[in-house]
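**Q** Sharing query.pdb below, PDB, C-alpha atoms:
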```pdb
MODEL        1
ATOM      1  CA  MET A   1      12.880  -3.306  -0.274  1.00  0.00           C
ATOM      2  CA  PRO A   2      11.500  -5.061  -3.362  1.00  0.00           C
ATOM      3  CA  LEU A   3       9.805  -8.391  -2.741  1.00  0.00           C
ATOM      4  CA  ASP A   4       9.006 -10.910  -5.468  1.00  0.00           C
ATOM      5  CA  ILE A   5       5.804 -12.930  -5.087  1.00  0.00           C
ATOM      6  CA  HIS A   6       5.752 -15.974  -7.365  1.00  0.00           C
ATOM      7  CA  SER A   7       2.605 -17.705  -6.154  1.00  0.00           C
ATOM      8  CA  PRO A   8      -0.452 -17.154  -3.974  1.00  0.00           C
ATOM      9  CA  ALA A   9       1.060 -19.551  -1.408  1.00  0.00           C
ATOM     10  CA  GLN A  10       3.556 -16.824  -0.498  1.00  0.00           C
ATOM     11  CA  ILE A  11       0.799 -14.379   0.494  1.00  0.00           C
ATOM     12  CA  ASP A  12      -0.542 -15.954   3.714  1.00  0.00           C
ATOM     13  CA  PRO A  13       2.779 -15.831   5.603  1.00  0.00           C
ATOM     14  CA  LEU A  14       3.129 -12.158   4.636  1.00  0.00           C
ATOM     15  CA  LEU A  15      -0.365 -11.372   5.877  1.00  0.00           C
ATOM     16  CA  GLU A  16       0.486 -13.049   9.185  1.00  0.00           C
ATOM     17  CA  ARG A  17       3.530 -10.788   9.518  1.00  0.00           C
ATOM     18  CA  VAL A  18       1.287  -7.772   8.871  1.00  0.00           C
ATOM     19  CA  ARG A  19      -1.077  -8.937  11.620  1.00  0.00           C
ATOM     20  CA  ILE A  20       1.798  -9.415  14.089  1.00  0.00           C
ATOM     21  CA  ALA A  21       3.183  -5.934  13.342  1.00  0.00           C
ATOM     22  CA  ALA A  22      -0.290  -4.426  13.778  1.00  0.00           C
ATOM     23  CA  THR A  23      -0.710  -6.154  17.153  1.00  0.00           C
ATOM     24  CA  ARG A  24       2.663  -4.891  18.387  1.00  0.00           C
ATOM     25  CA  THR A  25       1.740  -1.380  17.334  1.00  0.00           C
ATOM     26  CA  ALA A  26      -1.693  -1.554  18.970  1.00  0.00           C
ATOM     27  CA  GLN A  27       0.001  -2.573  22.221  1.00  0.00           C
ATOM     28  CA  ALA A  28       2.445   0.355  21.998  1.00  0.00           C
ATOM     29  CA  LEU A  29      -0.418   2.739  21.252  1.00  0.00           C
ATOM     30  CA  ALA A  30      -2.386   1.456  24.267  1.00  0.00           C
ATOM     31  CA  ARG A  31       0.643   2.059  26.514  1.00  0.00           C
ATOM     32  CA  LEU A  32       1.054   5.555  25.090  1.00  0.00           C
ATOM     33  CA  THR A  33      -2.568   6.584  25.507  1.00  0.00           C
ATOM     34  CA  ASP A  34      -2.628   5.174  29.050  1.00  0.00           C
ATOM     35  CA  SER A  35       0.403   7.259  30.064  1.00  0.00           C
ATOM     36  CA  GLU A  36      -0.124  10.468  28.060  1.00  0.00           C
ATOM     37  CA  PRO A  37      -3.110  12.689  28.930  1.00  0.00           C
ATOM     38  CA  ASP A  38      -2.420  15.292  26.211  1.00  0.00           C
ATOM     39  CA  GLY A  39      -4.142  14.240  22.973  1.00  0.00           C
ATOM     40  CA  LEU A  40      -1.994  16.527  20.827  1.00  0.00           C
ATOM     41  CA  GLU A  41       1.151  14.941  22.242  1.00  0.00           C
ATOM     42  CA  VAL A  42      -0.234  11.479  21.431  1.00  0.00           C
ATOM     43  CA  LEU A  43      -0.848  12.568  17.823  1.00  0.00           C
ATOM     44  CA  ARG A  44       2.641  14.106  17.587  1.00  0.00           C
ATOM     45  CA  ARG A  45       4.251  10.889  18.789  1.00  0.00           C
ATOM     46  CA  MET A  46       2.177   8.815  16.363  1.00  0.00           C
ATOM     47  CA  LYS A  47       3.479  10.911  13.487  1.00  0.00           C
ATOM     48  CA  PHE A  48       7.070  11.584  14.546  1.00  0.00           C
ATOM     49  CA  THR A  49       8.314   8.804  16.825  1.00  0.00           C
ATOM     50  CA  GLU A  50       9.176   5.218  16.032  1.00  0.00           C
ATOM     51  CA  MET A  51       6.428   3.431  17.935  1.00  0.00           C
ATOM     52  CA  ALA A  52       5.250   1.064  15.202  1.00  0.00           C
ATOM     53  CA  TRP A  53       6.758  -1.800  13.173  1.00  0.00           C
ATOM     54  CA  ASP A  54       7.320  -2.384   9.494  1.00  0.00           C
ATOM     55  CA  PRO A  55       5.162  -5.370   8.511  1.00  0.00           C
ATOM     56  CA  LEU A  56       7.909  -7.125   6.571  1.00  0.00           C
ATOM     57  CA  ASP A  57      11.266  -5.844   7.814  1.00  0.00           C
ATOM     58  CA  ASP A  58      10.657  -6.032  11.595  1.00  0.00           C
ATOM     59  CA  ARG A  59      12.083  -2.549  12.045  1.00  0.00           C
ATOM     60  CA  GLN A  60      10.535   0.337  13.895  1.00  0.00           C
ATOM     61  CA  LEU A  61       8.874   3.258  12.110  1.00  0.00           C
ATOM     62  CA  ASN A  62       6.267   5.877  12.894  1.00  0.00           C
ATOM     63  CA  LEU A  63       2.618   4.862  13.204  1.00  0.00           C
ATOM     64  CA  VAL A  64       1.446   6.847  10.200  1.00  0.00           C
ATOM     65  CA  GLU A  65       3.996   5.088   7.997  1.00  0.00           C
ATOM     66  CA  GLN A  66       2.990   1.673   9.368  1.00  0.00           C
ATOM     67  CA  VAL A  67      -0.650   2.335   8.554  1.00  0.00           C
ATOM     68  CA  ASN A  68       0.327   3.301   5.018  1.00  0.00           C
ATOM     69  CA  GLN A  69       2.567   0.267   4.559  1.00  0.00           C
ATOM     70  CA  THR A  70       0.108  -2.160   6.124  1.00  0.00           C
ATOM     71  CA  TRP A  71      -2.705  -1.175   3.804  1.00  0.00           C
ATOM     72  CA  THR A  72      -0.306  -1.080   0.897  1.00  0.00           C
ATOM     73  CA  TYR A  73       0.860  -4.653   1.487  1.00  0.00           C
ATOM     74  CA  LEU A  74      -2.659  -5.924   2.058  1.00  0.00           C
ATOM     75  CA  VAL A  75      -4.163  -4.356  -1.032  1.00  0.00           C
ATOM     76  CA  SER A  76      -1.220  -5.306  -3.211  1.00  0.00           C
ATOM     77  CA  LEU A  77      -1.079  -9.048  -2.748  1.00  0.00           C
ATOM     78  CA  PHE A  78      -3.173 -10.270  -5.598  1.00  0.00           C
ATOM     79  CA  GLU A  79      -3.267 -12.746  -8.394  1.00  0.00           C
ATOM     80  CA  ARG A  80      -5.140 -11.281 -11.321  1.00  0.00           C
ATOM     81  CA  HIS A  81      -2.821 -11.913 -14.256  1.00  0.00           C
ATOM     82  CA  PRO A  82      -1.564 -15.505 -14.564  1.00  0.00           C
ATOM     83  CA  ASP A  83       0.729 -14.471 -17.432  1.00  0.00           C
ATOM     84  CA  ALA A  84       2.587 -11.995 -15.211  1.00  0.00           C
ATOM     85  CA  GLY A  85       4.977 -14.590 -13.782  1.00  0.00           C
ATOM     86  CA  GLY A  86       4.362 -13.169 -10.304  1.00  0.00           C
ATOM     87  CA  PHE A  87       4.856  -9.673  -9.009  1.00  0.00           C
ATOM     88  CA  ARG A  88       7.569  -7.485  -7.598  1.00  0.00           C
ATOM     89  CA  LEU A  89       6.274  -5.464  -4.669  1.00  0.00           C
ATOM     90  CA  ASN A  90       8.322  -2.303  -4.367  1.00  0.00           C
ATOM     91  CA  PHE A  91       7.212  -0.419  -1.269  1.00  0.00           C
ATOM     92  CA  GLY A  92      10.438   0.865   0.131  1.00  0.00           C
ATOM     93  CA  THR A  93      12.593   3.658  -1.093  1.00  0.00           C
ATOM     94  CA  GLU A  94      13.333   2.030  -4.447  1.00  0.00           C
ATOM     95  CA  ALA A  95      12.386   4.006  -7.543  1.00  0.00           C
ATOM     96  CA  GLY A  96       9.719   2.651  -9.850  1.00  0.00           C
ATOM     97  CA  SER A  97       6.174   1.411  -9.637  1.00  0.00           C
ATOM     98  CA  ASP A  98       4.775  -0.198  -6.490  1.00  0.00           C
ATOM     99  CA  ILE A  99       3.845  -3.401  -8.326  1.00  0.00           C
ATOM    100  CA  LEU A 100       5.400  -4.748 -11.499  1.00  0.00           C
ATOM    101  CA  SER A 101       4.870  -8.097 -13.145  1.00  0.00           C
ATOM    102  CA  LEU A 102       7.977 -10.273 -13.192  1.00  0.00           C
ATOM    103  CA  VAL A 103       7.330 -10.765 -16.904  1.00  0.00           C
ATOM    104  CA  PRO A 104       8.057  -7.305 -18.317  1.00  0.00           C
ATOM    105  CA  ASN A 105       5.226  -5.070 -19.525  1.00  0.00           C
ATOM    106  CA  VAL A 106       2.318  -7.234 -18.375  1.00  0.00           C
ATOM    107  CA  VAL A 107       1.242  -5.320 -15.237  1.00  0.00           C
ATOM    108  CA  ALA A 108       2.213  -2.068 -13.549  1.00  0.00           C
ATOM    109  CA  ALA A 109       0.394  -0.624 -10.574  1.00  0.00           C
ATOM    110  CA  GLU A 110       0.540   2.060  -7.959  1.00  0.00           C
ATOM    111  CA  VAL A 111      -0.981   1.518  -4.517  1.00  0.00           C
ATOM    112  CA  PHE A 112      -1.838   3.898  -1.709  1.00  0.00           C
ATOM    113  CA  ALA A 113      -4.011   4.457   1.328  1.00  0.00           C
ATOM    114  CA  ALA A 114      -5.508   7.835   2.156  1.00  0.00           C
ATOM    115  CA  VAL A 115      -8.447   9.470   3.820  1.00  0.00           C
ATOM    116  CA  ARG A 116      -9.601  10.437   0.305  1.00  0.00           C
ATOM    117  CA  PRO A 117      -8.000   9.546  -3.037  1.00  0.00           C
ATOM    118  CA  SER A 118      -7.806  13.240  -3.866  1.00  0.00           C
ATOM    119  CA  ASN A 119      -5.652  14.056  -0.806  1.00  0.00           C
ATOM    120  CA  ASN A 120      -2.395  15.695  -1.910  1.00  0.00           C
ATOM    121  CA  ARG A 121      -3.441  14.901  -5.501  1.00  0.00           C
ATOM    122  CA  LYS A 122      -2.202  11.349  -4.815  1.00  0.00           C
ATOM    123  CA  LEU A 123      -4.501   9.663  -7.342  1.00  0.00           C
ATOM    124  CA  THR A 124      -3.622  12.159 -10.069  1.00  0.00           C
ATOM    125  CA  LYS A 125       0.089  11.817  -9.368  1.00  0.00           C
ATOM    126  CA  ASP A 126      -0.057   8.001  -9.460  1.00  0.00           C
ATOM    127  CA  LEU A 127      -2.004   8.021 -12.742  1.00  0.00           C
ATOM    128  CA  GLN A 128       0.580  10.358 -14.273  1.00  0.00           C
ATOM    129  CA  LYS A 129       3.423   8.203 -12.959  1.00  0.00           C
ATOM    130  CA  LEU A 130       2.010   5.129 -14.718  1.00  0.00           C
ATOM    131  CA  VAL A 131       1.685   7.030 -17.993  1.00  0.00           C
ATOM    132  CA  ARG A 132       5.220   8.370 -17.688  1.00  0.00           C
ATOM    133  CA  GLU A 133       7.049   5.290 -16.370  1.00  0.00           C
ATOM    134  CA  CYS A 134       5.038   2.317 -17.672  1.00  0.00           C
ATOM    135  CA  PRO A 135       3.613   3.195 -21.080  1.00  0.00           C
ATOM    136  CA  GLU A 136       4.182  -0.325 -22.450  1.00  0.00           C
ATOM    137  CA  ALA A 137       2.431  -2.273 -19.677  1.00  0.00           C
ATOM    138  CA  ARG A 138      -0.641  -4.099 -21.024  1.00  0.00           C
ATOM    139  CA  ALA A 139      -2.514  -3.637 -17.734  1.00  0.00           C
ATOM    140  CA  ARG A 140      -2.099  -0.579 -15.547  1.00  0.00           C
ATOM    141  CA  TYR A 141      -3.854   0.021 -12.247  1.00  0.00           C
ATOM    142  CA  VAL A 142      -4.094   2.337  -9.318  1.00  0.00           C
ATOM    143  CA  PHE A 143      -5.308   0.528  -6.194  1.00  0.00           C
ATOM    144  CA  PHE A 144      -6.271   2.563  -3.161  1.00  0.00           C
ATOM    145  CA  HIS A 145      -7.858   2.151   0.215  1.00  0.00           C
ATOM    146  CA  ALA A 146      -9.948   5.026   1.553  1.00  0.00           C
ATOM    147  CA  PRO A 147     -12.896   5.051   3.928  1.00  0.00           C
ATOM    148  CA  GLY A 148     -16.247   5.048   2.159  1.00  0.00           C
ATOM    149  CA  PHE A 149     -15.020   3.429  -1.052  1.00  0.00           C
ATOM    150  CA  GLN A 150     -16.209  -0.042  -1.964  1.00  0.00           C
ATOM    151  CA  HIS A 151     -13.991  -2.943  -3.005  1.00  0.00           C
ATOM    152  CA  GLU A 152     -14.645  -2.431  -6.707  1.00  0.00           C
ATOM    153  CA  ARG A 153     -13.535  -0.624  -9.801  1.00  0.00           C
ATOM    154  CA  GLN A 154     -13.970   3.138  -9.454  1.00  0.00           C
ATOM    155  CA  GLN A 155     -14.673   4.129 -13.051  1.00  0.00           C
ATOM    156  CA  LYS A 156     -15.777   7.629 -12.009  1.00  0.00           C
ATOM    157  CA  LEU A 157     -12.182   8.265 -10.879  1.00  0.00           C
ATOM    158  CA  GLU A 158     -10.581   7.032 -14.105  1.00  0.00           C
ATOM    159  CA  SER A 159      -9.300  10.065 -15.949  1.00  0.00           C
ATOM    160  CA  LEU A 160      -6.688   8.505 -18.244  1.00  0.00           C
ATOM    161  CA  ASP A 161      -7.378   5.882 -20.895  1.00  0.00           C
ATOM    162  CA  GLY A 162      -5.959   2.445 -20.226  1.00  0.00           C
ATOM    163  CA  ILE A 163      -5.562   2.778 -16.451  1.00  0.00           C
ATOM    164  CA  GLU A 164      -8.114   1.192 -14.139  1.00  0.00           C
ATOM    165  CA  VAL A 165      -8.720   2.645 -10.681  1.00  0.00           C
ATOM    166  CA  TRP A 166      -9.827   0.239  -7.956  1.00  0.00           C
ATOM    167  CA  GLY A 167     -10.973   0.884  -4.443  1.00  0.00           C
ATOM    168  CA  ILE A 168      -9.808  -1.851  -2.111  1.00  0.00           C
ATOM    169  CA  ASN A 169     -11.655  -2.441   1.116  1.00  0.00           C
ATOM    170  CA  VAL A 170      -9.767  -4.890   3.300  1.00  0.00           C
TER     171      VAL A 170
ENDMDL
END
```
Rewrite the structure of this file - the entire thing - as structure tokens.
**A**
Amino acid sequence: MPLDIHSPAQIDPLLERVRIAATRTAQALARLTDSEPDGLEVLRRMKFTEMAWDPLDDRQLNLVEQVNQTWTYLVSLFERHPDAGGFRLNFGTEAGSDILSLVPNVVAAEVFAAVRPSNNRKLTKDLQKLVRECPEARARYVFFHAPGFQHERQQKLESLDGIEVWGINV
């Protein structure tokens, strides 16, 4: 589901929805761990059952997907380019980049959360996607959240010219 953000004033209500979804999920997880003594079964349910909530659509999904979407929404709501005209956040099943400026070819970005940016070659794949799908964008980024990475540019992870890699610690 693409979502257009035209101003920073639109961000706070979205963050509140993320917090509400996280609280609902934490409550469901507490009920599950109280009633299920088998740790492997708890992990299976977290991955494969709908026990969590989408932060923006108020629909159920699995916990792993909610964690991914929650971090994605949090790290993606930014205002860095005033000439972008706002941003389209594309975190559903739509094709295309995760973040695109509403003014064409100003900003394109990919966003993800992982234990490490190298997991499943996610960083490499997102860098290649930006090269392939957004060659004309003046600013291209990969934003990621991973434990142990500071909220700063990660130049040591930048392998392609013209694409900045940023660790986001929220």
**Q** Using all atoms listed in the file for the distances, tell me which of A:Thr23, A:Arg132, A:Pro82, A:Arg116 is nearest to Val103 of chain A.
**A** A:Pro82
**Q** Any idea what's packed within 12 Å of Asp161 of chain A, counting only C-alpha atoms, ignoring anything in its chain fewer than 4 positions away? Could you give it as a list in words?
**A**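 Close residues of Asp161 of chain A: Leu127, Gln128, Leu130, Val131, Pro135, Ala139, Arg140, Tyr141, Gln155, Leu157 and Val165 of chain A.
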**Q** State, in Å with one decimal place, the distance from atom CA of Ile5 of chain A to atom CA of Gly86 of chain A.
**A**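 Interatomic distance, atom CA of Ile5 of chain A to atom CA of Gly86 of chain A: 5.4 Å.
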**Q** Record the distance separating atom CA of Thr124 of chain A and atom CA of Phe144 of chain A, expressed in Å with one decimal.
**A**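 Taking atom CA of Thr124 of chain A as the start and atom CA of Phe144 of chain A as the end point, the length is 12.1 Å.
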**Q** On this structure, the PyMOL selection byres ((chain A and resi 61) around 6) would catch which residues? List them as a PyMOL selection string, sorted by chain and number.
**A** chain A and resi 50+52-53+60+62
**Q** Of the candidates A:Ala22, A:Val142, A:Leu3, A:Ala109, which shows the shortest atom-to-atom distance to Asp58 of chain A, using only C-alpha atoms?
**A**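 Answer, going by the shortest atom-to-atom distance: A:Ala22.
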**Q** Mind giving me the straight-line distance from atom CA of Phe87 of chain A to atom CA of Pro8 of chain A in Å, one decimal?
**A**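 Separation between atom CA of Phe87 of chain A and atom CA of Pro8 of chain A: 10.5 Å.
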**Q** Between A:Arg45, A:Arg24, A:His81, A:Lys156, which residue has the minimum interatomic distance to Arg59 of chain A, considering all atoms listed in the file?
**A**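 Ranked by minimum distance to Arg59 of chain A, first place goes to A:Arg24.
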**Q** Return the padded bounding box of segment 129-143 of chain A as lines of an AutoDock Vina configuration file: axis-aligned, built from all atoms listed in the file, 5 Å added on each side, with centre and edge lengths in Å to one decimal.
**A**
```
center_x = 0.9
center_y = 2.1
center_z = -14.3
size_x = 22.4
size_y = 22.5
size_z = 26.3
```
**Q** Only N, CA and C atoms needed: put segment 16-59 of chain A from the block into a file as a PDB file, in the first residue's frame.
**A**
```
ATOM      1  N   GLU A  16       2.304   7.149  16.008  1.00  0.00           N
ATOM      2  CA  GLU A  16       1.375   6.718  17.058  1.00  0.00           C
ATOM      3  C   GLU A  16       0.706   5.403  16.664  1.00  0.00           C
ATOM      4  N   ARG A  17       0.359   5.256  15.400  1.00  0.00           N
ATOM      5  CA  ARG A  17      -0.240   3.999  14.941  1.00  0.00           C
ATOM      6  C   ARG A  17       0.750   2.847  15.062  1.00  0.00           C
ATOM      7  N   VAL A  18       2.028   3.117  14.807  1.00  0.00           N
ATOM      8  CA  VAL A  18       3.064   2.093  14.974  1.00  0.00           C
ATOM      9  C   VAL A  18       3.153   1.680  16.433  1.00  0.00           C
ATOM     10  N   ARG A  19       3.115   2.652  17.335  1.00  0.00           N
ATOM     11  CA  ARG A  19       3.177   2.348  18.772  1.00  0.00           C
ATOM     12  C   ARG A  19       1.973   1.507  19.217  1.00  0.00           C
ATOM     13  N   ILE A  20       0.797   1.852  18.740  1.00  0.00           N
ATOM     14  CA  ILE A  20      -0.418   1.100  19.106  1.00  0.00           C
ATOM     15  C   ILE A  20      -0.314  -0.342  18.607  1.00  0.00           C
ATOM     16  N   ALA A  21       0.119  -0.527  17.364  1.00  0.00           N
ATOM     17  CA  ALA A  21       0.272  -1.878  16.815  1.00  0.00           C
ATOM     18  C   ALA A  21       1.304  -2.670  17.611  1.00  0.00           C
ATOM     19  N   ALA A  22       2.389  -2.025  18.011  1.00  0.00           N
ATOM     20  CA  ALA A  22       3.423  -2.708  18.792  1.00  0.00           C
ATOM     21  C   ALA A  22       2.886  -3.127  20.163  1.00  0.00           C
ATOM     22  N   THR A  23       2.074  -2.290  20.777  1.00  0.00           N
ATOM     23  CA  THR A  23       1.487  -2.623  22.078  1.00  0.00           C
ATOM     24  C   THR A  23       0.546  -3.815  21.953  1.00  0.00           C
ATOM     25  N   ARG A  24      -0.292  -3.809  20.930  1.00  0.00           N
ATOM     26  CA  ARG A  24      -1.213  -4.938  20.720  1.00  0.00           C
ATOM     27  C   ARG A  24      -0.434  -6.239  20.532  1.00  0.00           C
ATOM     28  N   THR A  25       0.638  -6.163  19.785  1.00  0.00           N
ATOM     29  CA  THR A  25       1.444  -7.353  19.537  1.00  0.00           C
ATOM     30  C   THR A  25       2.147  -7.819  20.809  1.00  0.00           C
ATOM     31  N   ALA A  26       2.661  -6.888  21.589  1.00  0.00           N
ATOM     32  CA  ALA A  26       3.319  -7.257  22.849  1.00  0.00           C
ATOM     33  C   ALA A  26       2.330  -7.964  23.777  1.00  0.00           C
ATOM     34  N   GLN A  27       1.092  -7.500  23.788  1.00  0.00           N
ATOM     35  CA  GLN A  27       0.069  -8.151  24.617  1.00  0.00           C
ATOM     36  C   GLN A  27      -0.220  -9.569  24.125  1.00  0.00           C
ATOM     37  N   ALA A  28      -0.307  -9.750  22.814  1.00  0.00           N
ATOM     38  CA  ALA A  28      -0.543 -11.087  22.251  1.00  0.00           C
ATOM     39  C   ALA A  28       0.639 -12.005  22.542  1.00  0.00           C
ATOM     40  N   LEU A  29       1.847 -11.474  22.447  1.00  0.00           N
ATOM     41  CA  LEU A  29       3.033 -12.274  22.736  1.00  0.00           C
ATOM     42  C   LEU A  29       3.075 -12.685  24.205  1.00  0.00           C
ATOM     43  N   ALA A  30       2.695 -11.780  25.100  1.00  0.00           N
ATOM     44  CA  ALA A  30       2.664 -12.113  26.536  1.00  0.00           C
ATOM     45  C   ALA A  30       1.663 -13.234  26.799  1.00  0.00           C
ATOM     46  N   ARG A  31       0.494 -13.163  26.155  1.00  0.00           N
ATOM     47  CA  ARG A  31      -0.504 -14.236  26.329  1.00  0.00           C
ATOM     48  C   ARG A  31       0.041 -15.565  25.810  1.00  0.00           C
ATOM     49  N   LEU A  32       0.723 -15.521  24.682  1.00  0.00           N
ATOM     50  CA  LEU A  32       1.269 -16.734  24.085  1.00  0.00           C
ATOM     51  C   LEU A  32       2.336 -17.351  24.983  1.00  0.00           C
ATOM     52  N   THR A  33       3.267 -16.550  25.449  1.00  0.00           N
ATOM     53  CA  THR A  33       4.349 -17.108  26.258  1.00  0.00           C
ATOM     54  C   THR A  33       3.851 -17.581  27.623  1.00  0.00           C
ATOM     55  N   ASP A  34       2.772 -16.977  28.123  1.00  0.00           N
ATOM     56  CA  ASP A  34       2.184 -17.446  29.380  1.00  0.00           C
ATOM     57  C   ASP A  34       1.512 -18.806  29.215  1.00  0.00           C
ATOM     58  N   SER A  35       0.971 -19.084  28.037  1.00  0.00           N
ATOM     59  CA  SER A  35       0.192 -20.313  27.840  1.00  0.00           C
ATOM     60  C   SER A  35       0.964 -21.422  27.134  1.00  0.00           C
ATOM     61  N   GLU A  36       2.120 -21.126  26.571  1.00  0.00           N
ATOM     62  CA  GLU A  36       2.851 -22.118  25.774  1.00  0.00           C
ATOM     63  C   GLU A  36       4.223 -22.382  26.388  1.00  0.00           C
ATOM     64  N   PRO A  37       4.430 -23.571  26.973  1.00  0.00           N
ATOM     65  CA  PRO A  37       5.713 -23.860  27.613  1.00  0.00           C
ATOM     66  C   PRO A  37       6.834 -24.229  26.634  1.00  0.00           C
ATOM     67  N   ASP A  38       6.485 -24.616  25.411  1.00  0.00           N
ATOM     68  CA  ASP A  38       7.495 -25.054  24.444  1.00  0.00           C
ATOM     69  C   ASP A  38       8.032 -23.854  23.667  1.00  0.00           C
ATOM     70  N   GLY A  39       9.289 -23.506  23.899  1.00  0.00           N
ATOM     71  CA  GLY A  39       9.907 -22.353  23.242  1.00  0.00           C
ATOM     72  C   GLY A  39       9.924 -22.453  21.731  1.00  0.00           C
ATOM     73  N   LEU A  40      10.147 -23.647  21.197  1.00  0.00           N
ATOM     74  CA  LEU A  40      10.148 -23.815  19.741  1.00  0.00           C
ATOM     75  C   LEU A  40       8.771 -23.548  19.154  1.00  0.00           C
ATOM     76  N   GLU A  41       7.731 -23.948  19.867  1.00  0.00           N
ATOM     77  CA  GLU A  41       6.370 -23.678  19.398  1.00  0.00           C
ATOM     78  C   GLU A  41       6.091 -22.180  19.417  1.00  0.00           C
ATOM     79  N   VAL A  42       6.569 -21.485  20.429  1.00  0.00           N
ATOM     80  CA  VAL A  42       6.407 -20.022  20.489  1.00  0.00           C
ATOM     81  C   VAL A  42       7.066 -19.389  19.266  1.00  0.00           C
ATOM     82  N   LEU A  43       8.301 -19.799  18.961  1.00  0.00           N
ATOM     83  CA  LEU A  43       8.999 -19.242  17.796  1.00  0.00           C
ATOM     84  C   LEU A  43       8.266 -19.567  16.495  1.00  0.00           C
ATOM     85  N   ARG A  44       7.744 -20.791  16.372  1.00  0.00           N
ATOM     86  CA  ARG A  44       6.998 -21.164  15.170  1.00  0.00           C
ATOM     87  C   ARG A  44       5.773 -20.272  14.994  1.00  0.00           C
ATOM     88  N   ARG A  45       5.053 -20.050  16.073  1.00  0.00           N
ATOM     89  CA  ARG A  45       3.854 -19.207  15.987  1.00  0.00           C
ATOM     90  C   ARG A  45       4.214 -17.761  15.650  1.00  0.00           C
ATOM     91  N   MET A  46       5.325 -17.281  16.190  1.00  0.00           N
ATOM     92  CA  MET A  46       5.747 -15.907  15.881  1.00  0.00           C
ATOM     93  C   MET A  46       6.003 -15.746  14.383  1.00  0.00           C
ATOM     94  N   LYS A  47       6.559 -16.772  13.777  1.00  0.00           N
ATOM     95  CA  LYS A  47       6.912 -16.710  12.365  1.00  0.00           C
ATOM     96  C   LYS A  47       5.738 -17.005  11.445  1.00  0.00           C
ATOM     97  N   PHE A  48       4.856 -17.960  11.854  1.00  0.00           N
ATOM     98  CA  PHE A  48       3.878 -18.475  10.899  1.00  0.00           C
ATOM     99  C   PHE A  48       2.419 -18.196  11.222  1.00  0.00           C
ATOM    100  N   THR A  49       2.112 -17.603  12.364  1.00  0.00           N
ATOM    101  CA  THR A  49       0.705 -17.308  12.643  1.00  0.00           C
ATOM    102  C   THR A  49       0.487 -15.801  12.687  1.00  0.00           C
ATOM    103  N   GLU A  50      -0.732 -15.417  12.435  1.00  0.00           N
ATOM    104  CA  GLU A  50      -1.085 -13.992  12.463  1.00  0.00           C
ATOM    105  C   GLU A  50      -1.414 -13.594  13.897  1.00  0.00           C
ATOM    106  N   MET A  51      -0.382 -13.143  14.601  1.00  0.00           N
ATOM    107  CA  MET A  51      -0.537 -12.742  15.998  1.00  0.00           C
ATOM    108  C   MET A  51      -0.114 -11.295  16.211  1.00  0.00           C
ATOM    109  N   ALA A  52       0.202 -10.609  15.129  1.00  0.00           N
ATOM    110  CA  ALA A  52       0.673  -9.224  15.208  1.00  0.00           C
ATOM    111  C   ALA A  52      -0.197  -8.358  14.305  1.00  0.00           C
ATOM    112  N   TRP A  53       0.072  -7.035  14.288  1.00  0.00           N
ATOM    113  CA  TRP A  53      -0.759  -6.114  13.514  1.00  0.00           C
ATOM    114  C   TRP A  53       0.099  -5.213  12.654  1.00  0.00           C
ATOM    115  N   ASP A  54      -0.376  -5.022  11.419  1.00  0.00           N
ATOM    116  CA  ASP A  54       0.253  -4.073  10.513  1.00  0.00           C
ATOM    117  C   ASP A  54       0.138  -2.683  11.123  1.00  0.00           C
ATOM    118  N   PRO A  55       1.220  -1.919  11.165  1.00  0.00           N
ATOM    119  CA  PRO A  55       1.173  -0.603  11.801  1.00  0.00           C
ATOM    120  C   PRO A  55       0.236   0.404  11.132  1.00  0.00           C
ATOM    121  N   LEU A  56      -0.015   0.247   9.845  1.00  0.00           N
ATOM    122  CA  LEU A  56      -0.817   1.255   9.160  1.00  0.00           C
ATOM    123  C   LEU A  56      -2.155   0.748   8.656  1.00  0.00           C
ATOM    124  N   ASP A  57      -2.267  -0.542   8.392  1.00  0.00           N
ATOM    125  CA  ASP A  57      -3.501  -1.076   7.813  1.00  0.00           C
ATOM    126  C   ASP A  57      -4.449  -1.710   8.823  1.00  0.00           C
ATOM    127  N   ASP A  58      -4.043  -1.838  10.082  1.00  0.00           N
ATOM    128  CA  ASP A  58      -4.841  -2.479  11.121  1.00  0.00           C
ATOM    129  C   ASP A  58      -5.347  -3.843  10.654  1.00  0.00           C
ATOM    130  N   ARG A  59      -4.433  -4.625  10.102  1.00  0.00           N
ATOM    131  CA  ARG A  59      -4.734  -6.001   9.722  1.00  0.00           C
ATOM    132  C   ARG A  59      -3.705  -6.897  10.390  1.00  0.00           C
TER     133      ARG A  59
END
```
